[in-house]
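The next block is protein-v7.cif, given as mmCIF, C-alpha atoms.
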```cif
data_protein
#
loop_
_atom_site.label_atom_id
_atom_site.label_comp_id
_atom_site.auth_asym_id
_atom_site.auth_seq_id
_atom_site.Cartn_x
_atom_site.Cartn_y
_atom_site.Cartn_z
CA MET A 1 0.00 0.00 0.00
CA SER A 2 1.06 3.62 -0.50
CA LEU A 3 1.84 5.92 2.40
CA LYS A 4 -1.29 7.96 1.72
CA THR A 5 -3.40 4.79 1.76
CA ASP A 6 -1.76 3.81 5.05
CA LEU A 7 -2.63 7.16 6.61
CA ILE A 8 -6.24 6.98 5.48
CA LYS A 9 -6.57 3.45 6.85
CA LEU A 10 -4.96 4.52 10.12
CA SER A 11 -7.40 7.44 10.44
CA GLU A 12 -10.31 5.08 9.83
CA ASP A 13 -9.00 2.77 12.56
CA PHE A 14 -9.13 5.70 14.99
CA ILE A 15 -12.59 6.75 13.83
CA HIS A 16 -13.84 3.18 14.24
CA LYS A 17 -12.66 3.12 17.84
CA ILE A 18 -14.28 6.50 18.48
CA LYS A 19 -17.64 5.48 17.06
CA LEU A 20 -17.79 2.54 19.47
CA LEU A 21 -17.57 4.81 22.53
CA ASP A 22 -20.58 5.12 24.84
CA GLY A 23 -22.64 8.24 24.20
CA VAL A 24 -20.49 9.42 21.29
CA LYS A 25 -21.86 12.33 19.29
CA GLU A 26 -20.46 13.70 16.04
CA ILE A 27 -20.10 17.48 15.84
CA LYS A 28 -20.66 19.26 12.54
CA VAL A 29 -17.50 20.99 11.31
CA LYS A 30 -17.28 24.01 9.05
CA ASN A 31 -15.77 23.17 5.67
CA TYR A 32 -12.22 24.53 5.62
CA GLY A 33 -11.27 22.68 2.46
CA TRP A 34 -10.08 19.34 3.86
CA GLU A 35 -11.42 16.53 6.04
CA ASN A 36 -12.11 17.10 9.73
CA PHE A 37 -14.10 14.81 12.00
CA ILE A 38 -15.04 15.94 15.51
CA TYR A 39 -16.76 13.90 18.21
CA LYS A 40 -17.53 14.23 21.88
CA THR A 41 -18.65 11.86 24.62
CA PRO A 42 -19.76 12.34 28.23
CA LYS A 43 -16.11 11.73 29.20
CA ILE A 44 -14.30 13.54 26.35
CA ARG A 45 -15.00 17.15 25.39
CA GLN A 46 -13.43 16.78 21.95
CA LEU A 47 -11.98 14.08 19.74
CA HIS A 48 -10.61 15.36 16.45
CA VAL A 49 -9.38 13.41 13.44
CA GLU A 50 -7.92 15.56 10.66
CA ARG A 51 -6.80 14.43 7.21
CA TYR A 52 -4.91 17.25 5.52
CA PHE A 53 -3.61 16.32 2.08
CA THR A 54 -2.13 18.92 -0.28
CA GLU A 55 0.35 18.52 -3.12
CA ASN A 56 3.36 19.05 -0.88
CA LEU A 57 2.11 18.13 2.59
CA TRP A 58 0.17 15.26 4.13
CA VAL A 59 -0.86 15.40 7.78
CA LEU A 60 -2.81 13.02 9.98
CA HIS A 61 -3.69 14.81 13.21
CA ILE A 62 -5.58 13.27 16.12
CA THR A 63 -6.33 14.75 19.53
CA GLY A 64 -8.47 13.85 22.52
CA PHE A 65 -9.34 16.34 25.27
CA PRO A 66 -10.97 14.96 28.44
CA GLN A 67 -13.91 16.76 29.99
CA LYS A 68 -12.94 19.42 32.52
CA ASN A 69 -13.90 17.18 35.45
CA ASN A 70 -11.59 14.40 34.27
CA GLN A 71 -7.91 14.35 35.21
CA SER A 72 -6.93 12.04 32.35
CA PRO A 73 -4.22 13.23 29.95
CA ILE A 74 -4.61 14.95 26.59
CA PHE A 75 -3.98 12.58 23.70
CA GLY A 76 -2.05 13.95 20.74
CA PHE A 77 -0.78 12.18 17.62
CA ASP A 78 0.60 13.80 14.46
CA VAL A 79 2.08 12.17 11.38
CA VAL A 80 3.56 14.75 8.99
CA CYS A 81 4.67 13.70 5.49
CA GLY A 82 6.35 15.62 2.68
CA GLY A 83 9.24 15.79 0.27
CA LYS A 84 9.42 14.68 -3.34
CA ASP A 85 9.27 11.02 -2.35
CA LYS A 86 6.57 11.60 0.31
CA LYS A 87 8.17 10.18 3.41
CA ILE A 88 7.16 10.68 7.02
CA LEU A 89 9.10 13.74 8.15
CA SER A 90 7.83 13.94 11.72
CA VAL A 91 5.80 12.00 14.25
CA PHE A 92 4.65 13.52 17.51
CA LEU A 93 2.84 11.43 20.10
CA ASP A 94 2.01 12.07 23.73
CA LEU A 95 -0.27 11.65 26.69
CA THR A 96 0.12 15.16 28.05
CA PRO A 97 -0.74 15.49 31.75
CA SER A 98 -3.07 18.11 33.14
CA ILE A 99 -2.71 17.52 36.88
CA LYS A 100 -1.69 13.85 36.96
CA SER A 101 1.05 12.01 35.08
CA PHE A 102 0.36 8.95 32.95
CA PRO A 103 3.78 7.48 32.09
CA PHE A 104 4.08 5.25 29.06
CA SER A 105 6.80 3.45 27.16
CA GLY A 106 7.13 2.13 23.65
CA PRO A 107 9.63 1.24 20.94
CA VAL A 108 13.11 2.71 20.85
CA TRP A 109 13.26 4.95 17.78
CA LYS A 110 16.27 5.49 15.55
CA VAL A 111 16.04 9.26 14.93
CA GLU A 112 14.63 11.76 17.41
CA ARG A 113 13.56 15.29 16.51
CA GLU A 114 14.29 18.48 18.44
CA VAL A 115 11.40 19.72 20.56
CA PRO A 116 10.51 23.41 19.98
CA ASP A 117 10.87 25.93 22.82
CA TRP A 118 7.12 26.48 23.14
CA ALA A 119 6.47 22.77 23.74
CA ASP A 120 7.11 22.83 27.47
CA MET A 121 3.75 21.24 28.37
CA PHE A 122 4.42 17.77 26.97
CA SER A 123 5.20 14.79 29.17
CA GLU A 124 8.68 13.43 29.81
CA ASN A 125 7.75 10.50 27.54
CA PHE A 126 6.85 12.75 24.60
CA VAL A 127 7.68 11.07 21.28
CA ALA A 128 9.22 13.39 18.66
CA ILE A 129 10.85 11.38 15.89
CA ARG A 130 11.62 11.09 12.19
CA PRO A 131 10.94 7.41 11.59
CA GLU A 132 12.71 5.22 9.08
CA VAL A 133 10.52 3.36 6.59
CA ASP A 134 10.93 0.11 8.52
CA GLU A 135 9.50 1.86 11.62
CA TYR A 136 6.28 3.08 9.97
CA ASN A 137 4.15 0.14 11.13
CA ASP A 138 5.52 0.53 14.66
CA VAL A 139 4.42 4.17 14.57
CA TYR A 140 0.91 3.26 13.46
CA ASN A 141 0.54 0.45 16.00
CA PHE A 142 1.95 2.45 18.90
CA GLY A 143 -0.35 5.38 18.11
CA LEU A 144 -3.38 3.09 18.27
CA GLU A 145 -2.07 1.38 21.40
CA LEU A 146 -1.60 4.68 23.21
CA PHE A 147 -5.06 5.80 22.10
CA ASP A 148 -6.52 2.66 23.69
CA TYR A 149 -4.68 3.55 26.90
CA PHE A 150 -6.10 7.08 26.72
CA LEU A 151 -9.65 5.76 26.24
CA HIS A 152 -9.23 3.35 29.15
CA GLU A 153 -8.10 6.10 31.50
CA VAL A 154 -10.66 8.68 30.40
CA ASN A 155 -13.43 6.15 31.03
CA ASN A 156 -12.03 5.17 34.42
CA GLN A 157 -14.32 6.64 37.08
CA GLU A 158 -11.33 7.08 39.38
CA ASN A 159 -10.14 9.89 37.11
CA GLU A 160 -13.33 11.92 37.52
CA VAL A 161 -13.19 14.73 40.06
CA VAL A 162 -15.75 16.91 41.87
CA ASP A 163 -13.50 19.35 43.72
CA GLU A 164 -13.97 22.76 42.07
CA LYS A 165 -10.37 23.79 42.69
CA VAL A 166 -9.11 20.65 40.98
CA ILE A 167 -11.47 21.24 38.06
CA THR A 168 -10.12 24.78 37.75
CA ASP A 169 -6.59 23.38 37.66
CA ILE A 170 -7.58 20.97 34.89
CA ILE A 171 -9.16 23.79 32.88
CA ASN A 172 -6.08 25.98 33.29
CA SER A 173 -3.79 23.14 32.26
CA GLN A 174 -5.79 22.22 29.16
CA ASP A 175 -6.08 25.88 28.18
CA TYR A 176 -2.32 26.33 28.57
CA TYR A 177 -1.74 23.33 26.33
CA CYS A 178 -3.90 24.95 23.66
CA GLN A 179 -2.29 28.38 24.01
CA GLN A 180 1.16 26.86 23.59
CA GLN A 181 0.07 24.94 20.51
CA TRP A 182 -1.17 28.20 18.97
CA LYS A 183 2.49 29.32 18.97
CA ASN A 184 3.42 26.66 16.41
CA LYS A 185 4.52 28.87 13.51
CA ARG A 186 4.84 25.96 11.09
CA THR A 187 1.23 24.91 11.52
CA MET A 188 0.01 28.48 11.36
CA GLY A 189 2.10 29.15 8.28
CA ALA A 190 0.80 26.11 6.42
CA LEU A 191 -2.81 26.97 7.30
CA SER A 192 -2.42 30.65 6.45
CA SER A 193 -0.99 29.87 3.03
CA LYS A 194 -4.03 27.71 2.28
CA ILE A 195 -6.97 29.59 3.84
CA GLY A 196 -5.61 32.97 4.95
CA LYS A 197 -4.52 34.21 8.37
CA GLU A 198 -7.99 34.95 9.78
CA LEU A 199 -9.42 31.52 9.01
CA ALA A 200 -6.16 29.88 10.06
CA GLU A 201 -6.41 31.47 13.51
CA GLU A 202 -10.05 30.44 13.75
CA PHE A 203 -9.16 26.86 12.84
CA MET A 204 -6.27 26.72 15.30
CA GLN A 205 -8.32 28.10 18.18
CA THR A 206 -11.70 26.43 17.65
CA ILE A 207 -10.94 23.16 15.88
CA LEU A 208 -7.32 22.08 16.40
CA PHE A 209 -6.71 23.28 19.95
CA PRO A 210 -9.89 24.69 21.51
CA LYS A 211 -9.88 25.99 25.06
CA VAL A 212 -12.39 24.44 27.44
CA GLU A 213 -14.91 27.27 27.12
CA THR A 214 -14.90 26.85 23.33
CA THR A 215 -16.28 23.34 23.56
CA ASP A 216 -18.52 23.81 26.61
CA GLY A 217 -21.50 24.79 24.47
CA ARG A 218 -21.20 21.97 21.95
#
```
Would you write the structure of this file as structure tokens?
Amino acid sequence: MSLKTDLIKLSEDFIHKIKLLDGVKEIKVKNYGWENFIYKTPKIRQLHVERYFTENLWVLHITGFPQKNNQSPIFGFDVVCGGKDKKILSVFLDLTPSIKSFPFSGPVWKVEREVPDWADMFSENFVAIRPEVDEYNDVYNFGLELFDYFLHEVNNQENEVVDEKVITDIINSQDYYCQQQWKNKRTMGALSSKIGKELAEEFMQTILFPKVETTDGR
């Protein structure tokens, strides 16, 4: 199979898992010119699967934000492809803590990537790599495996909280995660070149990385 076919299949594997969740609801997304799928559940305020394919750039982007009364981590998985021969240039994968750590381990990767200065919110296990071709399947499988872990924790009643101060801490932590992501100049640049700066900012702040209050009314 081609890399693009692999990415589409991988995205469908994630969507299949999402559609099996209790109480899942699909949220209508404005048409920005590429495929975006957004869902929510009683435990998760937003699940987002994005397939962004242009002539020079292919991106599979998946995030999961727990509800504000849930201390589970934020799930994030990005596969970025480009170049003349369309290889995977970057993979980013994490269970980012809000107020509680969720350590994880996985394969040992051959080539790690430098983490940008703004990315100070990620966990100590944050995966930032440029995989070799023989590691592609390990990337796909580990992404799905970590997503299963995320779903298990977010549906674990022990991770639900009622203390208002703790809930405020979760909100602040998730909002900080989003604000830091907004500083990603590469993502903003790619979006701006395709849909303009105004729509790019809207997409970044309401679809890709929405603060808690943005999704409260959905």
Check: Please, what distance in Å, to one decimal, runs between atom CA of A:Ser101 and atom CA of A:Val79?
Finding: 23.7 Å
Next item on the list: For the structure shown, which residues end up in the PyMOL selection byres ((chain A and resi 49) around 7)? Put them as a ChimeraX atom specification, please?
Entry: /A:11,36-38,47-48,50-51,61-63
Next item on the list: Give as a PyMOL selection string the residues that the PyMOL selection byres ((chain A and resi 178) around 10) matches when applied to the coordinates above.
Entry: chain A and resi 121+172-177+179-183+204-206+208-212
Next item on the list: Could you jot down the atom CA of A:Glu26 to atom CA of A:Val59 separation for me, Å, one decimal place?
Entry: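 Between atom CA of A:Glu26 and atom CA of A:Val59 the gap is 21.3 Å.
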Checklist line | Nearest to A:Gln46 by atom-to-atom distance, counting only C-alpha atoms, from A:Leu20, A:Ala128, A:Ile74, A:Leu3 | finding: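 When distances to A:Gln46 are compared using only C-alpha atoms, the smallest one comes from A:Ile74.
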Next item on the list: Compare A:Pro66, A:Glu213, A:Ser90, A:Asp13 by their minimum atom-to-atom distance to A:Glu160, counting only C-alpha atoms, and give me the closest one.
Entry: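 Closest candidate: A:Pro66.
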Check: Pick the closest to A:Gly217 from A:Tyr140, A:Ile27, A:Lys84, A:Phe150: which is it, counting all atoms listed in the file?
Finding: A:Ile27
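Residue membership of the PyMOL selection byres ((chain A and resi 34) around 8) in the shown file amounts to Asn31, Tyr32, Gly33, Glu35, Asn36, Arg51, Tyr52 and Phe53 of chain A.
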Next item on the list: Tell me which protein, DNA and RNA residues are within 10 Å of A:Lys100, counting all atoms listed in the file, leaving out same-chain ones fewer than 2 positions away, and put them as JSON, numbers by chain.
Entry: {"A": [71, 72, 73, 96, 97, 98, 102, 103, 159, 170]}
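Closest to A:Val139 among A:Ile171, A:Leu93, A:Leu199, A:Ala190 is A:Leu93, based on all atoms listed in the file.
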Notebook entry, point to check: How far is it from atom CA of A:Leu144 to atom CA of A:Ile207, in Å with one decimal?
Noted result: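 Straight-line distance from atom CA of A:Leu144 to atom CA of A:Ile207 works out to 21.6 Å.
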Since the input lacks some atoms of stretch 34-58 of chain A, please model N, CA and C atoms and print them as a PDB file, in the frame of the given file.
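File written: selection_37.pdb
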```
ATOM      1  N   TRP A  34     -10.628  20.680   3.706  1.00  0.00           N
ATOM      2  CA  TRP A  34     -10.080  19.340   3.860  1.00  0.00           C
ATOM      3  C   TRP A  34     -10.900  18.623   4.931  1.00  0.00           C
ATOM      4  N   GLU A  35     -10.571  17.375   5.202  1.00  0.00           N
ATOM      5  CA  GLU A  35     -11.420  16.530   6.040  1.00  0.00           C
ATOM      6  C   GLU A  35     -11.130  16.694   7.531  1.00  0.00           C
ATOM      7  N   ASN A  36     -12.181  17.016   8.281  1.00  0.00           N
ATOM      8  CA  ASN A  36     -12.110  17.100   9.730  1.00  0.00           C
ATOM      9  C   ASN A  36     -13.309  16.384  10.333  1.00  0.00           C
ATOM     10  N   PHE A  37     -13.043  15.545  11.312  1.00  0.00           N
ATOM     11  CA  PHE A  37     -14.100  14.810  12.000  1.00  0.00           C
ATOM     12  C   PHE A  37     -13.981  15.100  13.489  1.00  0.00           C
ATOM     13  N   ILE A  38     -15.052  15.604  14.088  1.00  0.00           N
ATOM     14  CA  ILE A  38     -15.040  15.940  15.510  1.00  0.00           C
ATOM     15  C   ILE A  38     -16.154  15.189  16.231  1.00  0.00           C
ATOM     16  N   TYR A  39     -15.815  14.662  17.390  1.00  0.00           N
ATOM     17  CA  TYR A  39     -16.760  13.900  18.210  1.00  0.00           C
ATOM     18  C   TYR A  39     -16.613  14.336  19.663  1.00  0.00           C
ATOM     19  N   LYS A  40     -17.637  14.051  20.440  1.00  0.00           N
ATOM     20  CA  LYS A  40     -17.530  14.230  21.880  1.00  0.00           C
ATOM     21  C   LYS A  40     -18.290  13.088  22.557  1.00  0.00           C
ATOM     22  N   THR A  41     -17.955  12.844  23.810  1.00  0.00           N
ATOM     23  CA  THR A  41     -18.650  11.860  24.620  1.00  0.00           C
ATOM     24  C   THR A  41     -18.859  12.469  26.008  1.00  0.00           C
ATOM     25  N   PRO A  42     -19.618  11.814  26.873  1.00  0.00           N
ATOM     26  CA  PRO A  42     -19.760  12.340  28.230  1.00  0.00           C
ATOM     27  C   PRO A  42     -18.428  12.454  28.975  1.00  0.00           C
ATOM     28  N   LYS A  43     -17.409  11.713  28.535  1.00  0.00           N
ATOM     29  CA  LYS A  43     -16.110  11.730  29.200  1.00  0.00           C
ATOM     30  C   LYS A  43     -15.075  12.594  28.471  1.00  0.00           C
ATOM     31  N   ILE A  44     -15.300  12.870  27.189  1.00  0.00           N
ATOM     32  CA  ILE A  44     -14.300  13.540  26.350  1.00  0.00           C
ATOM     33  C   ILE A  44     -14.939  14.753  25.686  1.00  0.00           C
ATOM     34  N   ARG A  45     -14.382  15.932  25.927  1.00  0.00           N
ATOM     35  CA  ARG A  45     -15.000  17.150  25.390  1.00  0.00           C
ATOM     36  C   ARG A  45     -14.746  17.320  23.896  1.00  0.00           C
ATOM     37  N   GLN A  46     -13.645  16.764  23.397  1.00  0.00           N
ATOM     38  CA  GLN A  46     -13.430  16.780  21.950  1.00  0.00           C
ATOM     39  C   GLN A  46     -12.460  15.701  21.525  1.00  0.00           C
ATOM     40  N   LEU A  47     -12.848  14.985  20.473  1.00  0.00           N
ATOM     41  CA  LEU A  47     -11.980  14.080  19.740  1.00  0.00           C
ATOM     42  C   LEU A  47     -11.934  14.595  18.311  1.00  0.00           C
ATOM     43  N   HIS A  48     -10.756  14.772  17.779  1.00  0.00           N
ATOM     44  CA  HIS A  48     -10.610  15.360  16.450  1.00  0.00           C
ATOM     45  C   HIS A  48      -9.691  14.498  15.593  1.00  0.00           C
ATOM     46  N   VAL A  49     -10.182  14.112  14.435  1.00  0.00           N
ATOM     47  CA  VAL A  49      -9.380  13.410  13.440  1.00  0.00           C
ATOM     48  C   VAL A  49      -9.326  14.295  12.197  1.00  0.00           C
ATOM     49  N   GLU A  50      -8.111  14.677  11.804  1.00  0.00           N
ATOM     50  CA  GLU A  50      -7.920  15.560  10.660  1.00  0.00           C
ATOM     51  C   GLU A  50      -7.083  14.860   9.602  1.00  0.00           C
ATOM     52  N   ARG A  51      -7.576  14.917   8.354  1.00  0.00           N
ATOM     53  CA  ARG A  51      -6.800  14.430   7.210  1.00  0.00           C
ATOM     54  C   ARG A  51      -6.544  15.621   6.293  1.00  0.00           C
ATOM     55  N   TYR A  52      -5.304  16.057   6.279  1.00  0.00           N
ATOM     56  CA  TYR A  52      -4.910  17.250   5.520  1.00  0.00           C
ATOM     57  C   TYR A  52      -3.954  16.805   4.428  1.00  0.00           C
ATOM     58  N   PHE A  53      -4.432  16.767   3.198  1.00  0.00           N
ATOM     59  CA  PHE A  53      -3.610  16.320   2.080  1.00  0.00           C
ATOM     60  C   PHE A  53      -3.538  17.408   1.015  1.00  0.00           C
ATOM     61  N   THR A  54      -2.360  17.978   0.818  1.00  0.00           N
ATOM     62  CA  THR A  54      -2.130  18.920  -0.280  1.00  0.00           C
ATOM     63  C   THR A  54      -1.035  18.318  -1.160  1.00  0.00           C
ATOM     64  N   GLU A  55      -0.656  19.039  -2.197  1.00  0.00           N
ATOM     65  CA  GLU A  55       0.350  18.520  -3.120  1.00  0.00           C
ATOM     66  C   GLU A  55       1.686  18.263  -2.434  1.00  0.00           C
ATOM     67  N   ASN A  56       2.036  19.141  -1.494  1.00  0.00           N
ATOM     68  CA  ASN A  56       3.360  19.050  -0.880  1.00  0.00           C
ATOM     69  C   ASN A  56       3.355  18.576   0.566  1.00  0.00           C
ATOM     70  N   LEU A  57       2.168  18.448   1.161  1.00  0.00           N
ATOM     71  CA  LEU A  57       2.110  18.130   2.590  1.00  0.00           C
ATOM     72  C   LEU A  57       0.922  17.227   2.910  1.00  0.00           C
ATOM     73  N   TRP A  58       1.210  16.160   3.624  1.00  0.00           N
ATOM     74  CA  TRP A  58       0.170  15.260   4.130  1.00  0.00           C
ATOM     75  C   TRP A  58       0.271  15.231   5.655  1.00  0.00           C
TER      76      TRP A  58
END
```
